[in-house]
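Novice: This is the structure I have questions about; it appears just below.
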Amino acid sequence: MRVDFYEMGGRFSDPLYVAGVLVSKAWPATKDIAIVGSSGDLAKLDEQLWEQPEGRFLPHERGESKAPIRLLENAPEQAGLLINLDPSAPLPAGRYQRILEIVPPDESLKQKLRERWMAWKERGAELQHHVLK
């Protein structure tokens with residue numbers, strides 16, 4: 001399993017915007033995308049995905065559904081791509097081809113993501129770090 005950490009910086013300061021960019025790059029090559037976060041963040045992301053990227057339709061729905069892009073409060077049992085918006089969420093135990101962890105610029109949250117990095121490493125995941133500027 002591959003886990004990519006996307007560290008935000010520069011013009012990338014909004015985790016929801018970053019999630020939207022990552023989803024638009026993954027879809028339609030990846031047909032089963034799950035985005036996990038708080039109810040409030042998912043509501044904002046739901047609105048954002050209707051508006052951006054301009055000129056594209058990203059088929060998504062909140063909650064468990066058959067939509068190719070699902071916005072969920074808890075990680076599903078499986079997904080082609082899992083995007084995590086919540087640094088304090090427990091590590092999911094399901095089956096995923098790839099996981100994306102979004103690292104916000106907030107230093108207090110970065111420590112939680114450092115712990116997630118170590119936990120994924122202990123599970124034997126192939127880890128990648130990307131800095132967004």
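We name chains A, B, ... following the order of the structure tokens; residues begin at 1 in each chain, and ligands are numbered from 1 as shown.
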Looking only at the backbone, which of the residues in stretch 18-116 of chain A does DSSP tag as strand (DSSP E), as a tab-separated table (two decimals) with N, CA, C and O atoms, in the first residue's frame?

Specialist:
chain	number	residue	atom	x	y	z
A	33	ILE	N	-13.22	6.67	-5.16
A	33	ILE	CA	-12.50	7.61	-4.31
A	33	ILE	C	-13.34	7.88	-3.06
A	33	ILE	O	-14.53	8.18	-3.16
A	34	ALA	N	-12.70	7.78	-1.89
A	34	ALA	CA	-13.35	8.10	-0.62
A	34	ALA	C	-12.57	9.22	0.04
A	34	ALA	O	-11.34	9.16	0.14
A	35	ILE	N	-13.29	10.25	0.49
A	35	ILE	CA	-12.68	11.36	1.20
A	35	ILE	C	-13.26	11.35	2.61
A	35	ILE	O	-14.48	11.37	2.78
A	36	VAL	N	-12.37	11.30	3.61
A	36	VAL	CA	-12.80	11.19	5.00
A	36	VAL	C	-12.48	12.48	5.74
A	36	VAL	O	-11.37	13.00	5.64
A	60	HIS	N	-20.03	13.05	-7.17
A	60	HIS	CA	-19.78	12.78	-5.75
A	60	HIS	C	-21.09	12.82	-4.96
A	60	HIS	O	-22.10	13.33	-5.43
A	61	GLU	N	-21.01	12.26	-3.76
A	61	GLU	CA	-22.17	12.24	-2.88
A	61	GLU	C	-21.68	12.09	-1.45
A	61	GLU	O	-20.67	11.42	-1.19
A	62	ARG	N	-22.39	12.68	-0.52
A	62	ARG	CA	-22.06	12.53	0.90
A	62	ARG	C	-22.66	11.23	1.42
A	62	ARG	O	-23.76	10.85	1.07
A	69	ILE	N	-17.21	9.11	-6.17
A	69	ILE	CA	-16.50	9.92	-5.19
A	69	ILE	C	-17.42	10.06	-3.98
A	69	ILE	O	-18.50	10.66	-4.08
A	70	ARG	N	-17.00	9.48	-2.87
A	70	ARG	CA	-17.83	9.48	-1.66
A	70	ARG	C	-17.19	10.35	-0.58
A	70	ARG	O	-16.00	10.26	-0.33
A	71	LEU	N	-18.00	11.19	0.07
A	71	LEU	CA	-17.55	12.04	1.16
A	71	LEU	C	-18.08	11.42	2.46
A	71	LEU	O	-19.28	11.39	2.69
A	72	LEU	N	-17.16	10.92	3.30
A	72	LEU	CA	-17.53	10.10	4.45
A	72	LEU	C	-16.91	10.60	5.75
A	72	LEU	O	-15.80	11.11	5.75
A	78	GLN	N	-13.13	-0.42	1.89
A	78	GLN	CA	-12.20	-0.43	0.76
A	78	GLN	C	-12.48	0.74	-0.16
A	78	GLN	O	-13.58	1.28	-0.19
A	79	ALA	N	-11.43	1.14	-0.89
A	79	ALA	CA	-11.53	2.20	-1.89
A	79	ALA	C	-10.26	2.15	-2.72
A	79	ALA	O	-9.21	1.72	-2.24
A	80	GLY	N	-10.37	2.60	-3.95
A	80	GLY	CA	-9.18	2.71	-4.79
A	80	GLY	C	-8.26	3.78	-4.24
A	80	GLY	O	-7.05	3.62	-4.17
A	81	LEU	N	-8.87	4.90	-3.83
A	81	LEU	CA	-8.12	6.03	-3.29
A	81	LEU	C	-8.84	6.54	-2.05
A	81	LEU	O	-10.05	6.79	-2.10
A	82	LEU	N	-8.11	6.70	-0.96
A	82	LEU	CA	-8.66	7.26	0.28
A	82	LEU	C	-7.91	8.55	0.57
A	82	LEU	O	-6.68	8.56	0.64
A	83	ILE	N	-8.66	9.66	0.70
A	83	ILE	CA	-8.07	10.95	1.03
A	83	ILE	C	-8.52	11.30	2.45
A	83	ILE	O	-9.71	11.37	2.72
A	84	ASN	N	-7.55	11.53	3.33
A	84	ASN	CA	-7.86	11.84	4.72
A	84	ASN	C	-7.70	13.33	4.99
A	84	ASN	O	-6.63	13.89	4.78
A	95	ARG	N	-9.01	-1.93	2.95
A	95	ARG	CA	-8.13	-2.20	1.81
A	95	ARG	C	-8.21	-1.00	0.84
A	95	ARG	O	-9.29	-0.68	0.35
A	96	TYR	N	-7.04	-0.43	0.58
A	96	TYR	CA	-6.96	0.74	-0.29
A	96	TYR	C	-5.75	0.59	-1.19
A	96	TYR	O	-4.70	0.10	-0.76
A	97	GLN	N	-5.88	1.01	-2.43
A	97	GLN	CA	-4.73	0.99	-3.32
A	97	GLN	C	-3.77	2.11	-2.96
A	97	GLN	O	-2.56	1.94	-3.01
A	98	ARG	N	-4.33	3.25	-2.60
A	98	ARG	CA	-3.49	4.40	-2.28
A	98	ARG	C	-4.21	5.28	-1.27
A	98	ARG	O	-5.44	5.42	-1.32
A	99	ILE	N	-3.43	5.90	-0.38
A	99	ILE	CA	-3.97	6.80	0.64
A	99	ILE	C	-3.23	8.13	0.53
A	99	ILE	O	-2.01	8.15	0.39
A	100	LEU	N	-3.99	9.21	0.60
A	100	LEU	CA	-3.41	10.56	0.59
A	100	LEU	C	-3.72	11.23	1.92
A	100	LEU	O	-4.88	11.33	2.31
A	101	GLU	N	-2.68	11.64	2.61
A	101	GLU	CA	-2.80	12.37	3.88
A	101	GLU	C	-2.47	13.83	3.59
A	101	GLU	O	-1.41	14.13	3.04
A	102	ILE	N	-3.37	14.74	3.95
A	102	ILE	CA	-3.14	16.16	3.72
A	102	ILE	C	-2.58	16.77	5.00
A	102	ILE	O	-3.19	16.65	6.07
A	103	VAL	N	-1.41	17.41	4.89
A	103	VAL	CA	-0.72	18.00	6.04
A	103	VAL	C	-0.94	19.51	6.02
A	103	VAL	O	-0.34	20.22	5.22

Novice: Please identify all polymer residues within 7 Å of A:Ser39, counting only C-alpha atoms, omitting same-chain residues fewer than 3 positions from it, and present them as an mmCIF file with N, CA, C and O atoms, in the first residue's frame.

Specialist:
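Saved as result_4.cif:
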data_model
loop_
_atom_site.group_PDB
_atom_site.id
_atom_site.type_symbol
_atom_site.label_atom_id
_atom_site.label_comp_id
_atom_site.auth_asym_id
_atom_site.auth_seq_id
_atom_site.Cartn_x
_atom_site.Cartn_y
_atom_site.Cartn_z
ATOM 1 N N LEU A 42 -16.774 18.182 5.237
ATOM 2 C CA LEU A 42 -17.374 17.481 4.099
ATOM 3 C C LEU A 42 -18.490 18.308 3.456
ATOM 4 O O LEU A 42 -18.648 18.294 2.239
ATOM 5 N N ALA A 43 -19.241 19.038 4.279
ATOM 6 C CA ALA A 43 -20.295 19.902 3.729
ATOM 7 C C ALA A 43 -19.678 20.990 2.851
ATOM 8 O O ALA A 43 -20.172 21.271 1.752
ATOM 9 N N GLU A 73 -17.629 10.400 6.842
ATOM 10 C CA GLU A 73 -17.079 10.743 8.155
ATOM 11 C C GLU A 73 -16.174 9.637 8.689
ATOM 12 O O GLU A 73 -15.328 9.899 9.537
#

Novice: Rounded to one decimal, what separation in Å do you get between atom CA of A:Asp86 and atom CA of A:Ser65?

Specialist: 20.8 Å

Novice: Between A:Asn74, A:Ser24, A:Thr30, A:Ser38, which one has atoms that come closest to A:Pro53, using only C-alpha atoms?

Specialist: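 Looking at the shortest contact to A:Pro53, the residue is A:Ser24.
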
Novice: Write out as a ChimeraX atom specification which residues come within 10 Å of stretch 119-121 of chain A when counting only C-alpha atoms, dropping same-chain ones fewer than 3 positions away.

Specialist: /A:1-3,91,113-116,124-127

Novice: Give the alpha helix (DSSP H) residues of chain A, as assigned by DSSP on the backbone, as an NGL selection string.

Specialist: :A and (15-26 or 39-51 or 107-122)

Novice: May I ask which of the residues A:Leu109, A:Leu45, A:Ala75, A:Leu132 is the closest one to A:Ala93, counting only C-alpha atoms?

Specialist: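 Residue with the minimum atom-to-atom distance to A:Ala93: A:Ala75.
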